[in-house]
Amino acid sequence: MKNRRLAPNHVVVFDALKKAGRPVTAYELIDLLRPVGISAPPTVYRALNRLIADGLAHKLESTSAYVACAHAHSNDSVPVFEICDSCGGAHEFADADIGDHLFRRASEHGFTVSRMAIEIHGTCARCR
Ligand SMILES: [Zn+2]
Ligand SMILES: [Zn+2]
């Protein structure tokens, strides 16, 4: 999936997201991209959707912010985000045990999981 070729715009958006180094809203991202000539929101949203579909970026649902994926993870490991409410930073790690557990519980309810991410809010080590 990751071998699919990204359009030049997608690469530029991905680079901006990586350079931001923290979760950014779509509007913040558009501000970051304006100097390189991308300012049309549909272009940015299209690129973000593609990056998310390819597993290169995530949308944090609890803050409506986008973040570059910190590492490649397989489908059976669930991305977990520690989101600092003080600095807005997010640390991503993957946890297969949580994934196994939640997949099992969901299937007990007859629920089919299509995607899963866990967002934990709190204070990061640097801000504490
Ligand atoms: Zn990730
Ligand atoms: Zn912090």
# chains A, B, ... in the order shown; residues from 1 in each chain; ligands from 1
$ closest_atom_pairs --of "chain A" --to "ligand 2" --cutoff "7 Å" --atoms "only C-alpha atoms and all ligand atoms" --output "tab-separated table"
residue	atom	partner	partner_atom_place_in_ligand_line	distance
A:Cys84	CA	ligand 2	1 (Zn)	4.6
A:Asp85	CA	ligand 2	1 (Zn)	6.7
A:Ser86	CA	ligand 2	1 (Zn)	5.0
A:Cys87	CA	ligand 2	1 (Zn)	4.0
A:Gly88	CA	ligand 2	1 (Zn)	6.2
A:Gly89	CA	ligand 2	1 (Zn)	5.7
A:Thr123	CA	ligand 2	1 (Zn)	5.5
A:Cys124	CA	ligand 2	1 (Zn)	4.3
A:Ala125	CA	ligand 2	1 (Zn)	6.8
A:Arg126	CA	ligand 2	1 (Zn)	5.6
A:Cys127	CA	ligand 2	1 (Zn)	4.4
$ write_last_selection --atoms "N, CA and C atoms" --output "CSV table (one decimal), in the first residue's frame"
chain,number,residue,atom,x,y,z
A,84,CYS,N,-0.4,15.6,24.9
A,84,CYS,CA,-0.2,16.5,26.1
A,84,CYS,C,-1.1,17.7,26.0
A,85,ASP,N,-1.9,17.9,27.0
A,85,ASP,CA,-2.8,19.1,27.0
A,85,ASP,C,-2.1,20.4,27.3
A,86,SER,N,-0.9,20.3,27.7
A,86,SER,CA,-0.1,21.5,28.0
A,86,SER,C,0.6,22.0,26.8
A,87,CYS,N,1.4,21.2,26.1
A,87,CYS,CA,2.1,21.7,24.9
A,87,CYS,C,1.5,21.3,23.6
A,88,GLY,N,0.5,20.4,23.6
A,88,GLY,CA,-0.1,20.0,22.4
A,88,GLY,C,0.7,18.9,21.6
A,89,GLY,N,1.8,18.5,22.2
A,89,GLY,CA,2.6,17.5,21.5
A,89,GLY,C,1.9,16.1,21.6
A,123,THR,N,-0.4,15.0,30.6
A,123,THR,CA,0.8,15.9,30.6
A,123,THR,C,2.0,15.1,30.3
A,124,CYS,N,2.8,15.6,29.3
A,124,CYS,CA,4.0,14.8,28.9
A,124,CYS,C,5.1,15.0,29.9
A,125,ALA,N,6.1,14.2,29.8
A,125,ALA,CA,7.3,14.3,30.8
A,125,ALA,C,7.9,15.6,30.8
A,126,ARG,N,8.0,16.3,29.6
A,126,ARG,CA,8.7,17.6,29.5
A,126,ARG,C,7.9,18.7,30.2
A,127,CYS,N,6.6,18.6,30.1
A,127,CYS,CA,5.7,19.6,30.7
A,127,CYS,C,5.5,19.4,32.2
$ closest_atom_pairs --of "chain A" --to "ligand 1" --cutoff "12 Å" --atoms "only C-alpha atoms and all ligand atoms" --output "Markdown table"
| residue | atom | partner | partner_atom_place_in_ligand_line | distance |
| --- | --- | --- | --- | --- |
| A:Leu51 | CA | ligand 1 | 1 (Zn) | 10.9 |
| A:Ile52 | CA | ligand 1 | 1 (Zn) | 9.2 |
| A:Ala53 | CA | ligand 1 | 1 (Zn) | 11.3 |
| A:Asp54 | CA | ligand 1 | 1 (Zn) | 10.4 |
| A:Gly55 | CA | ligand 1 | 1 (Zn) | 6.6 |
| A:Leu56 | CA | ligand 1 | 1 (Zn) | 6.9 |
| A:Ala57 | CA | ligand 1 | 1 (Zn) | 6.5 |
| A:His58 | CA | ligand 1 | 1 (Zn) | 6.4 |
| A:Lys59 | CA | ligand 1 | 1 (Zn) | 9.8 |
| A:Leu60 | CA | ligand 1 | 1 (Zn) | 10.8 |
| A:Tyr66 | CA | ligand 1 | 1 (Zn) | 11.1 |
| A:Val67 | CA | ligand 1 | 1 (Zn) | 8.7 |
| A:Ala68 | CA | ligand 1 | 1 (Zn) | 7.3 |
| A:Cys69 | CA | ligand 1 | 1 (Zn) | 3.8 |
| A:Ala70 | CA | ligand 1 | 1 (Zn) | 5.4 |
| A:His71 | CA | ligand 1 | 1 (Zn) | 5.6 |
| A:Ala72 | CA | ligand 1 | 1 (Zn) | 6.2 |
| A:His73 | CA | ligand 1 | 1 (Zn) | 6.2 |
| A:Ser74 | CA | ligand 1 | 1 (Zn) | 9.2 |
| A:Asn75 | CA | ligand 1 | 1 (Zn) | 10.2 |
| A:Asp76 | CA | ligand 1 | 1 (Zn) | 12.0 |
| A:Ser77 | CA | ligand 1 | 1 (Zn) | 9.5 |
| A:Val78 | CA | ligand 1 | 1 (Zn) | 8.5 |
| A:Pro79 | CA | ligand 1 | 1 (Zn) | 5.6 |
| A:Val80 | CA | ligand 1 | 1 (Zn) | 8.2 |
| A:Phe81 | CA | ligand 1 | 1 (Zn) | 8.9 |
| A:Ala90 | CA | ligand 1 | 1 (Zn) | 11.3 |
| A:His91 | CA | ligand 1 | 1 (Zn) | 9.9 |
| A:Glu92 | CA | ligand 1 | 1 (Zn) | 6.6 |
| A:Phe93 | CA | ligand 1 | 1 (Zn) | 7.4 |
| A:Ala94 | CA | ligand 1 | 1 (Zn) | 7.4 |
| A:Asp95 | CA | ligand 1 | 1 (Zn) | 10.8 |
| A:Met116 | CA | ligand 1 | 1 (Zn) | 11.2 |
| A:Ala117 | CA | ligand 1 | 1 (Zn) | 9.2 |
| A:Ile118 | CA | ligand 1 | 1 (Zn) | 11.1 |
$ select_by_dssp --residues "chain A" --states "helix (DSSP H, G or I)" --output "VMD selection string"
chain A and resid 8 to 20 26 to 36 41 to 53 96 to 108
$ select_by_dssp --residues "chain A" --states "strand (DSSP E)" --output "MDAnalysis selection string"
chainID A and resid 57:60 65:68 78:84 90:95 118:122
$ residues_around --residues "Leu33 of chain A" --least-positions-apart "4" --cutoff "10 Å" --atoms "only C-alpha atoms" --output "compact mmCIF listing (two decimals) with N, CA, C and O atoms, in the first residue's frame"
# COMPACT_ATOMS: atom_id res chain seq x y z
N VAL A 12 4.68 17.12 -0.51
CA VAL A 12 4.91 18.43 0.12
C VAL A 12 4.10 18.53 1.42
O VAL A 12 4.61 18.99 2.45
N VAL A 13 2.85 18.07 1.37
CA VAL A 13 2.01 18.13 2.57
C VAL A 13 2.58 17.20 3.65
O VAL A 13 2.65 17.57 4.83
N ASP A 15 5.73 16.32 4.03
CA ASP A 15 6.95 16.93 4.57
C ASP A 15 6.61 18.03 5.58
O ASP A 15 7.26 18.15 6.62
N ALA A 16 5.60 18.83 5.27
CA ALA A 16 5.20 19.91 6.18
C ALA A 16 4.70 19.33 7.50
O ALA A 16 4.99 19.84 8.58
N LEU A 17 3.97 18.24 7.39
CA LEU A 17 3.42 17.59 8.58
C LEU A 17 4.56 17.03 9.44
O LEU A 17 4.57 17.17 10.66
N TYR A 27 -5.99 24.08 9.41
CA TYR A 27 -5.71 25.50 9.17
C TYR A 27 -4.26 25.84 9.44
O TYR A 27 -3.63 26.60 8.70
N GLU A 28 -3.71 25.27 10.51
CA GLU A 28 -2.29 25.48 10.79
C GLU A 28 -1.44 24.93 9.65
O GLU A 28 -0.45 25.53 9.25
N LEU A 29 -1.87 23.79 9.13
CA LEU A 29 -1.13 23.16 8.05
C LEU A 29 -1.17 24.03 6.79
O LEU A 29 -0.16 24.21 6.10
N GLY A 37 3.39 27.52 -1.75
CA GLY A 37 2.45 27.66 -2.86
C GLY A 37 1.22 26.79 -2.81
O GLY A 37 0.48 26.72 -3.78
N ILE A 38 0.98 26.14 -1.68
CA ILE A 38 -0.27 25.37 -1.54
C ILE A 38 -1.15 26.10 -0.54
O ILE A 38 -0.76 26.26 0.62
N SER A 39 -2.29 26.57 -0.98
CA SER A 39 -3.15 27.29 -0.05
C SER A 39 -4.61 26.91 -0.22
O SER A 39 -5.46 27.39 0.52
N ALA A 40 -4.92 26.06 -1.17
CA ALA A 40 -6.31 25.67 -1.39
C ALA A 40 -6.68 24.55 -0.43
O ALA A 40 -6.11 23.46 -0.50
N VAL A 44 -5.26 20.43 0.29
CA VAL A 44 -4.66 19.96 1.54
C VAL A 44 -5.47 18.79 2.11
O VAL A 44 -4.90 17.78 2.53
$ closest_residue --among "A:Phe14, A:Glu108, A:Arg128, A:Leu48" --to "Ala65 of chain A" --atoms "only C-alpha atoms"
A:Leu48
